[in-house]
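Trainee: You'll find target-v1.pdb just under this line, and it carries PDB, C-alpha atoms (C1' of nucleotides).
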```pdb
ATOM      1  CA  MET A   1     -24.395  13.249  12.754
ATOM      2  CA  GLU A   2     -24.449   9.612  11.675
ATOM      3  CA  LYS A   3     -22.831   7.140  14.006
ATOM      4  CA  THR A   4     -22.600   4.311  11.513
ATOM      5  CA  VAL A   5     -19.606   2.440  12.818
ATOM      6  CA  SER A   6     -18.123   0.171  10.178
ATOM      7  CA  THR A   7     -15.859  -2.731  10.941
ATOM      8  CA  LEU A   8     -12.218  -1.919  11.402
ATOM      9  CA  GLU A   9     -11.377  -4.095   8.409
ATOM     10  CA  ASP A  10     -13.815  -2.366   6.067
ATOM     11  CA  THR A  11     -12.568   1.015   7.225
ATOM     12  CA  ALA A  12      -8.936   0.046   6.715
ATOM     13  CA  LYS A  13      -9.736  -1.160   3.228
ATOM     14  CA  THR A  14     -11.354   2.142   2.317
ATOM     15  CA  LEU A  15      -8.527   4.166   3.848
ATOM     16  CA  LYS A  16      -5.993   2.169   1.910
ATOM     17  CA  LEU A  17      -7.816   2.971  -1.311
ATOM     18  CA  LEU A  18      -8.044   6.652  -0.404
ATOM     19  CA  GLY A  19      -4.420   6.680   0.682
ATOM     20  CA  ASP A  20      -3.084   7.259  -2.797
ATOM     21  CA  ASN A  21      -2.660  10.672  -4.398
ATOM     22  CA  THR A  22      -4.252   9.674  -7.672
ATOM     23  CA  ARG A  23      -7.304   8.000  -6.167
ATOM     24  CA  LEU A  24      -7.793  10.670  -3.534
ATOM     25  CA  THR A  25      -7.745  13.318  -6.260
ATOM     26  CA  ILE A  26     -10.264  11.317  -8.262
ATOM     27  CA  MET A  27     -12.560  11.139  -5.258
ATOM     28  CA  GLY A  28     -12.020  14.839  -4.641
ATOM     29  CA  LEU A  29     -13.116  15.587  -8.187
ATOM     30  CA  LEU A  30     -16.172  13.364  -7.773
ATOM     31  CA  LYS A  31     -17.183  15.166  -4.603
ATOM     32  CA  ASP A  32     -18.778  17.857  -6.768
ATOM     33  CA  GLY A  33     -20.492  15.482  -9.160
ATOM     34  CA  GLU A  34     -19.798  12.857 -11.751
ATOM     35  CA  CYS A  35     -16.882  12.802 -14.145
ATOM     36  CA  CYS A  36     -15.950  10.635 -17.077
ATOM     37  CA  VAL A  37     -12.675   8.831 -17.582
ATOM     38  CA  CYS A  38     -11.216  11.230 -20.111
ATOM     39  CA  GLU A  39     -11.680  14.104 -17.696
ATOM     40  CA  PHE A  40      -9.593  12.358 -15.076
ATOM     41  CA  VAL A  41      -6.967  11.649 -17.696
ATOM     42  CA  GLU A  42      -6.881  15.322 -18.629
ATOM     43  CA  VAL A  43      -6.892  16.724 -15.096
ATOM     44  CA  LEU A  44      -4.426  14.268 -13.629
ATOM     45  CA  GLN A  45      -2.184  14.165 -16.669
ATOM     46  CA  MET A  46      -1.828  10.443 -16.433
ATOM     47  CA  SER A  47      -2.176   7.648 -18.957
ATOM     48  CA  GLN A  48      -5.663   6.357 -19.680
ATOM     49  CA  PRO A  49      -4.904   2.765 -18.619
ATOM     50  CA  SER A  50      -3.488   3.959 -15.327
ATOM     51  CA  ILE A  51      -6.606   5.990 -14.602
ATOM     52  CA  SER A  52      -8.813   3.078 -15.636
ATOM     53  CA  GLN A  53      -7.009   0.772 -13.263
ATOM     54  CA  HIS A  54      -7.435   3.160 -10.351
ATOM     55  CA  LEU A  55     -11.097   3.538 -11.202
ATOM     56  CA  ARG A  56     -11.488  -0.195 -11.288
ATOM     57  CA  LYS A  57     -10.127  -0.489  -7.767
ATOM     58  CA  LEU A  58     -12.510   2.178  -6.555
ATOM     59  CA  ARG A  59     -15.395   0.518  -8.344
ATOM     60  CA  ASP A  60     -14.525  -3.021  -7.231
ATOM     61  CA  SER A  61     -14.555  -1.866  -3.628
ATOM     62  CA  GLY A  62     -17.864  -0.099  -4.176
ATOM     63  CA  LEU A  63     -16.586   3.377  -3.355
ATOM     64  CA  VAL A  64     -17.736   4.638  -6.750
ATOM     65  CA  LYS A  65     -20.435   3.709  -9.223
ATOM     66  CA  GLU A  66     -20.108   3.722 -12.981
ATOM     67  CA  GLN A  67     -22.666   4.479 -15.628
ATOM     68  CA  ARG A  68     -22.098   4.283 -19.350
ATOM     69  CA  ARG A  69     -23.696   7.018 -21.411
ATOM     70  CA  GLY A  70     -22.949   6.639 -25.066
ATOM     71  CA  GLN A  71     -19.254   6.282 -25.605
ATOM     72  CA  TRP A  72     -18.454   7.728 -22.226
ATOM     73  CA  VAL A  73     -18.415   6.067 -18.835
ATOM     74  CA  PHE A  74     -19.281   8.362 -15.968
ATOM     75  CA  TYR A  75     -18.172   7.709 -12.422
ATOM     76  CA  SER A  76     -19.758   9.010  -9.268
ATOM     77  CA  ILE A  77     -19.408   8.494  -5.546
ATOM     78  CA  ASN A  78     -21.495   5.700  -4.062
ATOM     79  CA  ASP A  79     -23.052   7.309  -1.021
ATOM     80  CA  GLN A  80     -24.625   3.990  -0.079
ATOM     81  CA  HIS A  81     -21.253   2.473   0.694
ATOM     82  CA  GLU A  82     -20.735   1.116   4.193
ATOM     83  CA  THR A  83     -17.826   3.446   4.841
ATOM     84  CA  TYR A  84     -19.240   6.489   3.058
ATOM     85  CA  PRO A  85     -19.300   8.596   6.249
ATOM     86  CA  VAL A  86     -15.530   8.330   6.563
ATOM     87  CA  THR A  87     -15.032   9.010   2.878
ATOM     88  CA  ARG A  88     -17.182  12.103   2.964
ATOM     89  CA  HIS A  89     -15.384  13.463   5.974
ATOM     90  CA  VAL A  90     -12.024  12.877   4.344
ATOM     91  CA  LEU A  91     -13.160  14.689   1.217
ATOM     92  CA  GLU A  92     -14.269  17.623   3.335
ATOM     93  CA  GLN A  93     -10.795  17.895   4.788
ATOM     94  CA  ILE A  94      -8.838  18.112   1.561
ATOM     95  CA  PRO A  95      -8.539  21.203  -0.622
ATOM     96  CA  ASP A  96     -11.342  21.656  -3.086
ATOM     97  CA  GLN A  97     -10.661  20.238  -6.546
ATOM     98  CA  LYS A  98     -13.283  22.340  -8.266
ATOM     99  CA  GLU A  99     -10.796  24.722  -9.882
ATOM    100  CA  LYS A 100      -9.271  21.874 -11.814
ATOM    101  CA  LEU A 101     -12.617  21.076 -13.358
ATOM    102  CA  LYS A 102     -13.191  24.753 -14.014
ATOM    103  CA  ALA A 103      -9.913  24.919 -15.880
ATOM    104  CA  LEU A 104     -11.067  21.946 -17.943
ATOM    105  CA  GLU A 105     -14.325  23.696 -18.680
ATOM    106  CA  GLU A 106     -12.588  26.856 -19.786
ATOM    107  CA  ALA A 107     -10.410  24.785 -22.068
ATOM    108  CA  GLY A 108     -13.592  23.343 -23.571
ATOM    109  CA  LEU A 109     -12.634  19.860 -22.443
ATOM    110  CA  ARG A 110     -15.389  19.244 -19.972
ATOM    111  CA  ILE A 111     -17.779  16.552 -21.090
ATOM    112  CA  ARG A 112     -21.400  17.569 -20.957
ATOM    113  CA  CYS A 113     -23.243  14.435 -21.850
ATOM    114  CA  ASP A 114     -27.024  14.555 -21.841
ATOM    115  CA  LEU A 115     -27.851  11.195 -23.382
TER     116      LEU A 115
ATOM    117  CA  MET B 116     -15.676  21.910  14.245
ATOM    118  CA  GLU B 117     -12.180  22.574  12.934
ATOM    119  CA  LYS B 118     -11.845  23.253   9.250
ATOM    120  CA  THR B 119      -8.106  22.676   9.091
ATOM    121  CA  VAL B 120      -7.713  21.571   5.516
ATOM    122  CA  SER B 121      -4.464  19.692   4.991
ATOM    123  CA  THR B 122      -2.851  19.207   1.636
ATOM    124  CA  LEU B 123      -4.131  16.319  -0.407
ATOM    125  CA  GLU B 124      -0.690  14.728  -0.286
ATOM    126  CA  ASP B 125      -0.398  14.901   3.501
ATOM    127  CA  THR B 126      -3.891  13.498   3.852
ATOM    128  CA  ALA B 127      -3.182  10.639   1.438
ATOM    129  CA  LYS B 128      -0.032   9.802   3.380
ATOM    130  CA  THR B 129      -1.951   9.589   6.634
ATOM    131  CA  LEU B 130      -4.755   7.539   5.096
ATOM    132  CA  LYS B 131      -2.246   5.122   3.666
ATOM    133  CA  LEU B 132      -0.757   4.618   7.116
ATOM    134  CA  LEU B 133      -4.200   4.143   8.661
ATOM    135  CA  GLY B 134      -5.227   1.834   5.845
ATOM    136  CA  ASP B 135      -3.728  -1.244   7.410
ATOM    137  CA  ASN B 136      -5.508  -3.477   9.907
ATOM    138  CA  THR B 137      -2.580  -3.644  12.295
ATOM    139  CA  ARG B 138      -1.855   0.074  12.345
ATOM    140  CA  LEU B 139      -5.514   1.045  12.493
ATOM    141  CA  THR B 140      -5.974  -1.245  15.488
ATOM    142  CA  ILE B 141      -2.925   0.292  17.151
ATOM    143  CA  MET B 142      -4.367   3.764  16.653
ATOM    144  CA  GLY B 143      -7.716   2.540  17.928
ATOM    145  CA  LEU B 144      -6.062   1.288  21.092
ATOM    146  CA  LEU B 145      -4.232   4.600  21.520
ATOM    147  CA  LYS B 146      -7.481   6.528  21.208
ATOM    148  CA  ASP B 147      -8.139   5.823  24.883
ATOM    149  CA  GLY B 148      -4.633   6.620  26.058
ATOM    150  CA  GLU B 149      -1.056   5.510  25.790
ATOM    151  CA  CYS B 150       0.128   1.941  25.420
ATOM    152  CA  CYS B 151       3.526   0.317  25.446
ATOM    153  CA  VAL B 152       4.918  -1.992  22.808
ATOM    154  CA  CYS B 153       4.410  -5.221  24.714
ATOM    155  CA  GLU B 154       0.720  -4.436  25.098
ATOM    156  CA  PHE B 155       0.305  -4.165  21.349
ATOM    157  CA  VAL B 156       2.176  -7.423  20.936
ATOM    158  CA  GLU B 157      -0.181  -9.080  23.398
ATOM    159  CA  VAL B 158      -3.414  -7.634  22.055
ATOM    160  CA  LEU B 159      -2.615  -8.066  18.395
ATOM    161  CA  GLN B 160      -0.945 -11.428  18.801
ATOM    162  CA  MET B 161       1.829 -10.469  16.458
ATOM    163  CA  SER B 162       5.594 -10.676  16.682
ATOM    164  CA  GLN B 163       7.405  -7.915  18.516
ATOM    165  CA  PRO B 164       9.521  -6.860  15.507
ATOM    166  CA  SER B 165       6.439  -6.600  13.337
ATOM    167  CA  ILE B 166       4.734  -4.342  15.861
ATOM    168  CA  SER B 167       7.890  -2.268  16.253
ATOM    169  CA  GLN B 168       8.084  -1.719  12.528
ATOM    170  CA  HIS B 169       4.486  -0.564  12.336
ATOM    171  CA  LEU B 170       5.083   1.763  15.273
ATOM    172  CA  ARG B 171       8.133   3.175  13.553
ATOM    173  CA  LYS B 172       6.092   4.053  10.504
ATOM    174  CA  LEU B 173       3.489   5.766  12.638
ATOM    175  CA  ARG B 174       6.191   7.610  14.565
ATOM    176  CA  ASP B 175       8.219   8.603  11.506
ATOM    177  CA  SER B 176       5.140  10.172   9.986
ATOM    178  CA  GLY B 177       4.390  11.967  13.255
ATOM    179  CA  LEU B 178       1.022  10.324  13.840
ATOM    180  CA  VAL B 179       2.191   9.037  17.212
ATOM    181  CA  LYS B 180       4.694  10.136  19.823
ATOM    182  CA  GLU B 181       6.935   7.882  21.858
ATOM    183  CA  GLN B 182       8.194   8.242  25.377
ATOM    184  CA  ARG B 183      10.550   5.899  27.115
ATOM    185  CA  ARG B 184       9.804   5.219  30.769
ATOM    186  CA  GLY B 185      12.249   2.803  32.274
ATOM    187  CA  GLN B 186      12.466  -0.284  30.171
ATOM    188  CA  TRP B 187       9.182   0.438  28.455
ATOM    189  CA  VAL B 188       8.452   2.713  25.542
ATOM    190  CA  PHE B 189       4.982   4.220  25.577
ATOM    191  CA  TYR B 190       3.246   5.432  22.479
ATOM    192  CA  SER B 191       0.471   7.967  22.251
ATOM    193  CA  ILE B 192      -1.406   9.820  19.560
ATOM    194  CA  ASN B 193       0.111  13.106  18.452
ATOM    195  CA  ASP B 194      -2.845  15.451  18.428
ATOM    196  CA  GLN B 195      -0.639  18.212  17.070
ATOM    197  CA  HIS B 196      -0.248  16.438  13.759
ATOM    198  CA  GLU B 197      -1.337  18.302  10.657
ATOM    199  CA  THR B 198      -3.855  15.632   9.746
ATOM    200  CA  TYR B 199      -5.049  14.872  13.265
ATOM    201  CA  PRO B 200      -8.630  15.955  12.521
ATOM    202  CA  VAL B 201      -8.988  13.239   9.917
ATOM    203  CA  THR B 202      -7.347  10.680  12.171
ATOM    204  CA  ARG B 203      -9.635  11.475  15.059
ATOM    205  CA  HIS B 204     -12.709  11.240  12.901
ATOM    206  CA  VAL B 205     -11.593   7.891  11.533
ATOM    207  CA  LEU B 206     -11.022   6.586  15.052
ATOM    208  CA  GLU B 207     -14.503   7.687  16.015
ATOM    209  CA  GLN B 208     -15.961   5.632  13.188
ATOM    210  CA  ILE B 209     -14.381   2.306  14.044
ATOM    211  CA  PRO B 210     -15.527  -0.050  16.802
ATOM    212  CA  ASP B 211     -14.113   0.719  20.202
ATOM    213  CA  GLN B 212     -10.970  -1.212  21.095
ATOM    214  CA  LYS B 213     -11.345  -0.686  24.822
ATOM    215  CA  GLU B 214     -12.490  -4.230  25.554
ATOM    216  CA  LYS B 215      -9.220  -5.598  24.270
ATOM    217  CA  LEU B 216      -7.320  -3.534  26.784
ATOM    218  CA  LYS B 217      -9.770  -4.548  29.464
ATOM    219  CA  ALA B 218      -9.094  -8.174  28.701
ATOM    220  CA  LEU B 219      -5.386  -7.453  29.048
ATOM    221  CA  GLU B 220      -5.993  -5.802  32.364
ATOM    222  CA  GLU B 221      -7.993  -8.728  33.656
ATOM    223  CA  ALA B 222      -5.202 -11.032  32.600
ATOM    224  CA  GLY B 223      -2.818  -8.883  34.637
ATOM    225  CA  LEU B 224      -0.858  -7.981  31.534
ATOM    226  CA  ARG B 225      -1.581  -4.285  31.401
ATOM    227  CA  ILE B 226       1.473  -2.194  32.088
ATOM    228  CA  ARG B 227       0.961   0.420  34.742
ATOM    229  CA  CYS B 228       4.178   2.346  34.724
ATOM    230  CA  ASP B 229       4.489   5.296  37.067
ATOM    231  CA  LEU B 230       8.150   6.162  36.645
TER     232      LEU B 230
ATOM    233  C1'  DT C 231     -19.152  -1.620 -43.030
ATOM    234  C1'  DG C 232     -14.912   0.667 -41.743
ATOM    235  C1'  DA C 233     -12.709   4.470 -39.190
ATOM    236  C1'  DT C 234     -12.618   6.950 -34.994
ATOM    237  C1'  DT C 235     -13.135   7.804 -30.133
ATOM    238  C1'  DA C 236     -13.616   6.178 -25.376
ATOM    239  C1'  DT C 237     -12.640   2.795 -22.170
ATOM    240  C1'  DA C 238     -11.055  -1.730 -20.316
ATOM    241  C1'  DT C 239      -7.952  -5.464 -19.857
ATOM    242  C1'  DA C 240      -3.588  -8.103 -19.972
ATOM    243  C1'  DA C 241       1.240  -8.712 -19.489
ATOM    244  C1'  DG C 242       5.508  -7.144 -17.835
ATOM    245  C1'  DA C 243       8.884  -4.509 -15.020
ATOM    246  C1'  DG C 244      10.273  -1.994 -11.064
ATOM    247  C1'  DT C 245       9.245  -0.734  -6.469
ATOM    248  C1'  DA C 246       7.005  -0.878  -2.011
ATOM    249  C1'  DT C 247       5.080  -3.428   1.689
ATOM    250  C1'  DG C 248       4.779  -6.550   5.611
ATOM    251  C1'  DA C 249       6.165 -10.692   7.737
ATOM    252  C1'  DT C 250      10.000 -13.649   9.738
ATOM    253  C1'  DT C 251      14.483 -14.602  11.756
ATOM    254  C1'  DA C 252      18.530 -13.050  13.787
ATOM    255  C1'  DT C 253      20.849  -9.656  16.203
ATOM    256  C1'  DA C 254      21.684  -5.147  18.482
ATOM    257  C1'  DT C 255      20.650  -1.713  21.995
ATOM    258  C1'  DA C 256      18.822  -0.101  26.438
ATOM    259  C1'  DA C 257      17.309  -0.447  31.070
ATOM    260  C1'  DT C 258      16.820  -3.205  35.312
ATOM    261  C1'  DG C 259      18.103  -6.028  39.022
ATOM    262  C1'  DA C 260      20.732  -9.770  41.271
TER     263       DA C 260
ATOM    264  C1'  DT D 261      29.362  -7.219  36.162
ATOM    265  C1'  DC D 262      26.171 -10.540  34.216
ATOM    266  C1'  DA D 263      21.486 -12.126  33.217
ATOM    267  C1'  DT D 264      16.971 -10.718  32.072
ATOM    268  C1'  DT D 265      13.387  -7.973  29.992
ATOM    269  C1'  DA D 266      11.829  -4.588  26.573
ATOM    270  C1'  DT D 267      12.455  -2.629  22.270
ATOM    271  C1'  DA D 268      14.734  -1.517  17.790
ATOM    272  C1'  DT D 269      17.080  -2.632  13.673
ATOM    273  C1'  DA D 270      18.806  -5.364   9.712
ATOM    274  C1'  DA D 271      18.475  -8.801   6.264
ATOM    275  C1'  DT D 272      15.612 -11.591   3.613
ATOM    276  C1'  DC D 273      11.589 -13.177   1.190
ATOM    277  C1'  DA D 274       6.999 -13.374  -0.697
ATOM    278  C1'  DT D 275       3.456 -10.599  -2.050
ATOM    279  C1'  DA D 276       1.114  -6.461  -3.522
ATOM    280  C1'  DC D 277       1.140  -2.188  -5.936
ATOM    281  C1'  DT D 278       1.483   1.046  -9.847
ATOM    282  C1'  DC D 279       3.072   2.206 -13.988
ATOM    283  C1'  DT D 280       3.937   1.269 -19.092
ATOM    284  C1'  DT D 281       2.986  -0.854 -23.514
ATOM    285  C1'  DA D 282       0.105  -3.430 -26.307
ATOM    286  C1'  DT D 283      -4.292  -4.975 -27.369
ATOM    287  C1'  DA D 284      -9.337  -5.769 -26.832
ATOM    288  C1'  DT D 285     -14.046  -4.118 -26.440
ATOM    289  C1'  DA D 286     -17.788  -0.740 -27.107
ATOM    290  C1'  DA D 287     -20.130   3.006 -29.100
ATOM    291  C1'  DT D 288     -20.476   6.541 -32.756
ATOM    292  C1'  DC D 289     -20.400   8.303 -37.252
ATOM    293  C1'  DA D 290     -19.317   8.736 -42.137
TER     294       DA D 290
END
```
Go through the file and emit its structure as structure tokens.
Mentor:
Amino acid sequence: MEKTVSTLEDTAKTLKLLGDNTRLTIMGLLKDGECCVCEFVEVLQMSQPSISQHLRKLRDSGLVKEQRRGQWVFYSINDQHETYPVTRHVLEQIPDQKEKLKALEEAGLRIRCDL
Amino acid sequence: MEKTVSTLEDTAKTLKLLGDNTRLTIMGLLKDGECCVCEFVEVLQMSQPSISQHLRKLRDSGLVKEQRRGQWVFYSINDQHETYPVTRHVLEQIPDQKEKLKALEEAGLRIRCDL
DNA sequence: TGATTATATAAGAGTATGATTATATAATGA
DNA sequence: TCATTATATAATCATACTCTTATATAATCA
């Protein structure tokens, strides 16, 4: 039970970022591990630039980390972020997004990159 | 430990509302009990219409309730709201706003309405 | 090297947001 | 009833947001 109180301003900033269906879904997908951009595009059925722009906001704020592996860029949740406790709790309160990834996997579209 | 999972959309809507410094401060003030509009105006040092508009958003979404008592309108947190668990957790993670109300009280500006 | 795949960035349009100013409504009290 | 106090609403404006389209960058592979 961590009592890491963040500033009100930092918290508001994080909540604003999470307060968008697309970004909240992205974070929900990342809850179970990393994903690469094309997976978000596939799951969310949105244009690649739109996804990239959302990811940039999440990355700029530090909520997610990115790591390039070959031609892919993988994103993951930054659990070192100041407001991570709030983020994690939020992600525990929304419906699990795992099935969406499972559907991807069954369609053979899941990226398994072991570079 | 309630596991009331709300829809992702409802959660995003709530987070968006909380993701604003003014509204998050308002909710933080309400955490310790009801407040009336003029108290928010005083504490936040913002114009009355601006505060009213933020309160309307919070009320329209159901995050807060309003109750008129005489010439004052008191607002309080609606703990029956679908996404209340997330809201409460968020409010537990931000710095306490009690001192601001205490300052009001000491200045004789706190409304004690017993209608 | 050139073609392909994955991702990022830039520019533009349409919409939403949040503040201000002015005004309306509601309750109180002389 | 009229003036005052508290609050809500409407109109306006500047800014921020999110999407689309077009293009740039980066890595891979033939």
Trainee: Produce the least-squares-superposed copy of chain B, fitted on chain A over all in-order C-alpha pairs, as a compact mmCIF listing (two decimals) with C-alpha atoms, keeping the file's coordinate frame.
Mentor:
```txt
# COMPACT_ATOMS: atom_id res chain seq x y z
CA MET B 116 -24.32 13.27 12.65
CA GLU B 117 -24.40 9.60 11.67
CA LYS B 118 -22.75 7.17 14.02
CA THR B 119 -22.58 4.31 11.54
CA VAL B 120 -19.58 2.44 12.84
CA SER B 121 -18.11 0.16 10.19
CA THR B 122 -15.86 -2.75 10.95
CA LEU B 123 -12.22 -1.94 11.40
CA GLU B 124 -11.38 -4.11 8.41
CA ASP B 125 -13.83 -2.38 6.07
CA THR B 126 -12.58 0.99 7.23
CA ALA B 127 -8.94 0.02 6.72
CA LYS B 128 -9.77 -1.18 3.22
CA THR B 129 -11.37 2.13 2.33
CA LEU B 130 -8.54 4.15 3.85
CA LYS B 131 -6.02 2.15 1.90
CA LEU B 132 -7.85 2.96 -1.32
CA LEU B 133 -8.06 6.64 -0.40
CA GLY B 134 -4.43 6.66 0.66
CA ASP B 135 -3.09 7.25 -2.81
CA ASN B 136 -2.66 10.66 -4.40
CA THR B 137 -4.26 9.67 -7.68
CA ARG B 138 -7.31 7.99 -6.17
CA LEU B 139 -7.79 10.66 -3.53
CA THR B 140 -7.74 13.32 -6.25
CA ILE B 141 -10.27 11.32 -8.26
CA MET B 142 -12.57 11.14 -5.25
CA GLY B 143 -12.03 14.84 -4.63
CA LEU B 144 -13.12 15.59 -8.18
CA LEU B 145 -16.18 13.37 -7.78
CA LYS B 146 -17.19 15.18 -4.61
CA ASP B 147 -18.79 17.87 -6.77
CA GLY B 148 -20.48 15.48 -9.16
CA GLU B 149 -19.80 12.85 -11.75
CA CYS B 150 -16.88 12.80 -14.14
CA CYS B 151 -15.95 10.63 -17.07
CA VAL B 152 -12.68 8.83 -17.58
CA CYS B 153 -11.22 11.23 -20.11
CA GLU B 154 -11.70 14.11 -17.70
CA PHE B 155 -9.61 12.36 -15.07
CA VAL B 156 -6.98 11.66 -17.69
CA GLU B 157 -6.91 15.33 -18.61
CA VAL B 158 -6.92 16.73 -15.09
CA LEU B 159 -4.45 14.29 -13.63
CA GLN B 160 -2.20 14.21 -16.66
CA MET B 161 -1.83 10.48 -16.44
CA SER B 162 -2.18 7.69 -18.96
CA GLN B 163 -5.65 6.39 -19.68
CA PRO B 164 -4.89 2.79 -18.61
CA SER B 165 -3.47 4.00 -15.32
CA ILE B 166 -6.61 6.00 -14.59
CA SER B 167 -8.80 3.08 -15.63
CA GLN B 168 -7.01 0.78 -13.24
CA HIS B 169 -7.44 3.17 -10.34
CA LEU B 170 -11.11 3.55 -11.21
CA ARG B 171 -11.50 -0.21 -11.28
CA LYS B 172 -10.15 -0.48 -7.77
CA LEU B 173 -12.52 2.19 -6.55
CA ARG B 174 -15.42 0.51 -8.35
CA ASP B 175 -14.56 -3.02 -7.23
CA SER B 176 -14.57 -1.87 -3.63
CA GLY B 177 -17.89 -0.09 -4.17
CA LEU B 178 -16.60 3.39 -3.35
CA VAL B 179 -17.74 4.65 -6.75
CA LYS B 180 -20.44 3.72 -9.23
CA GLU B 181 -20.11 3.72 -12.99
CA GLN B 182 -22.65 4.49 -15.65
CA ARG B 183 -22.09 4.26 -19.35
CA ARG B 184 -23.68 7.00 -21.43
CA GLY B 185 -22.93 6.61 -25.08
CA GLN B 186 -19.24 6.26 -25.60
CA TRP B 187 -18.44 7.72 -22.22
CA VAL B 188 -18.41 6.06 -18.84
CA PHE B 189 -19.27 8.36 -15.96
CA TYR B 190 -18.18 7.71 -12.43
CA SER B 191 -19.76 9.01 -9.27
CA ILE B 192 -19.41 8.50 -5.55
CA ASN B 193 -21.50 5.71 -4.06
CA ASP B 194 -23.04 7.32 -1.02
CA GLN B 195 -24.62 4.01 -0.08
CA HIS B 196 -21.26 2.48 0.71
CA GLU B 197 -20.75 1.13 4.20
CA THR B 198 -17.83 3.45 4.84
CA TYR B 199 -19.24 6.49 3.07
CA PRO B 200 -19.28 8.60 6.25
CA VAL B 201 -15.52 8.32 6.57
CA THR B 202 -15.03 9.00 2.88
CA ARG B 203 -17.17 12.11 2.97
CA HIS B 204 -15.37 13.46 5.99
CA VAL B 205 -12.01 12.87 4.35
CA LEU B 206 -13.16 14.69 1.22
CA GLU B 207 -14.26 17.61 3.34
CA GLN B 208 -10.78 17.89 4.81
CA ILE B 209 -8.83 18.11 1.58
CA PRO B 210 -8.51 21.20 -0.62
CA ASP B 211 -11.32 21.66 -3.09
CA GLN B 212 -10.65 20.24 -6.54
CA LYS B 213 -13.28 22.35 -8.25
CA GLU B 214 -10.80 24.73 -9.87
CA LYS B 215 -9.28 21.88 -11.81
CA LEU B 216 -12.62 21.08 -13.36
CA LYS B 217 -13.19 24.75 -14.01
CA ALA B 218 -9.93 24.92 -15.89
CA LEU B 219 -11.08 21.95 -17.95
CA GLU B 220 -14.33 23.69 -18.68
CA GLU B 221 -12.59 26.85 -19.79
CA ALA B 222 -10.42 24.79 -22.07
CA GLY B 223 -13.59 23.33 -23.58
CA LEU B 224 -12.63 19.86 -22.45
CA ARG B 225 -15.40 19.23 -19.97
CA ILE B 226 -17.77 16.55 -21.11
CA ARG B 227 -21.39 17.57 -20.99
CA CYS B 228 -23.23 14.43 -21.90
CA ASP B 229 -27.01 14.53 -21.91
CA LEU B 230 -27.81 11.15 -23.41
```
Trainee: Return as CSV the residues of chain A lying at most 12 Å from chain C, together with the closest atom-to-atom pair for each and the distance in Å to one decimal, counting only C-alpha atoms (C1' of nucleotides), with rows in chain order and ascending residue number.
Mentor:
```
residue,atom,partner,partner_atom,distance
A:Cys36,CA,C:DA236,C1',9.7
A:Val37,CA,C:DT237,C1',7.6
A:Cys38,CA,C:DA236,C1',7.7
A:Glu39,CA,C:DA236,C1',11.2
A:Val41,CA,C:DT237,C1',11.4
A:Ser47,CA,C:DT237,C1',12.0
A:Gln48,CA,C:DT237,C1',8.2
A:Pro49,CA,C:DA238,C1',7.8
A:Ser50,CA,C:DA238,C1',10.7
A:Ile51,CA,C:DT237,C1',10.2
A:Ser52,CA,C:DA238,C1',7.1
A:Gln53,CA,C:DA238,C1',8.5
A:His54,CA,C:DA238,C1',11.7
A:Leu55,CA,C:DA238,C1',10.5
A:Arg56,CA,C:DA238,C1',9.2
A:Glu66,CA,C:DT237,C1',11.9
A:Arg68,CA,C:DT237,C1',10.0
A:Arg69,CA,C:DA236,C1',10.9
A:Gly70,CA,C:DA236,C1',9.3
A:Gln71,CA,C:DA236,C1',5.6
A:Trp72,CA,C:DA236,C1',6.0
A:Val73,CA,C:DT237,C1',7.4
A:Phe74,CA,C:DT237,C1',10.7
A:Ile111,CA,C:DA236,C1',12.0
```
Trainee: Let's have the selection written as a compact mmCIF listing (two decimals), in the coordinates of the input, with C-alpha atoms.
Mentor:
```txt
# COMPACT_ATOMS: atom_id res chain seq x y z
CA CYS A 36 -15.95 10.64 -17.08
CA VAL A 37 -12.68 8.83 -17.58
CA CYS A 38 -11.22 11.23 -20.11
CA GLU A 39 -11.68 14.10 -17.70
CA VAL A 41 -6.97 11.65 -17.70
CA SER A 47 -2.18 7.65 -18.96
CA GLN A 48 -5.66 6.36 -19.68
CA PRO A 49 -4.90 2.76 -18.62
CA SER A 50 -3.49 3.96 -15.33
CA ILE A 51 -6.61 5.99 -14.60
CA SER A 52 -8.81 3.08 -15.64
CA GLN A 53 -7.01 0.77 -13.26
CA HIS A 54 -7.44 3.16 -10.35
CA LEU A 55 -11.10 3.54 -11.20
CA ARG A 56 -11.49 -0.20 -11.29
CA GLU A 66 -20.11 3.72 -12.98
CA ARG A 68 -22.10 4.28 -19.35
CA ARG A 69 -23.70 7.02 -21.41
CA GLY A 70 -22.95 6.64 -25.07
CA GLN A 71 -19.25 6.28 -25.60
CA TRP A 72 -18.45 7.73 -22.23
CA VAL A 73 -18.42 6.07 -18.84
CA PHE A 74 -19.28 8.36 -15.97
CA ILE A 111 -17.78 16.55 -21.09
```
Trainee: Output as a list in words the set of chain D residues within 9 Å of chain A, with distances taken over all atoms listed in the file.
Mentor: DT278, DC279, DT280, DA286, DA287 and DT288 of chain D
Trainee: Could you state which residues are captured by the PyMOL selection byres ((chain A) within 8 of (chain B)) in this file, as a PyMOL selection string?
Mentor: chain A and resi 3-9+11-21+24-25+86+89-90+92-95
Trainee: Once 6 Å is added on each side, what are the centre and the three edge lengths, in Å to one decimal, of the axis-aligned box enclosing the listed atoms of stretch 267-271 of chain D? Present them as AutoDock Vina command-line options.
Mentor:
```
--center_x 15.6 --center_y -5.2 --center_z 14.3 --size_x 18.4 --size_y 19.3 --size_z 28.0
```
Trainee: What is the distance, in Å and to one decimal place, between atom CA of A:Leu101 and atom CA of A:Gln45?
Mentor: 12.9 Å
Trainee: Record the distance separating atom C1' of D:DT269 and atom CA of B:Val179, expressed in Å with one decimal.
Mentor: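 Separating atom C1' of D:DT269 from atom CA of B:Val179 is a distance of 19.2 Å.
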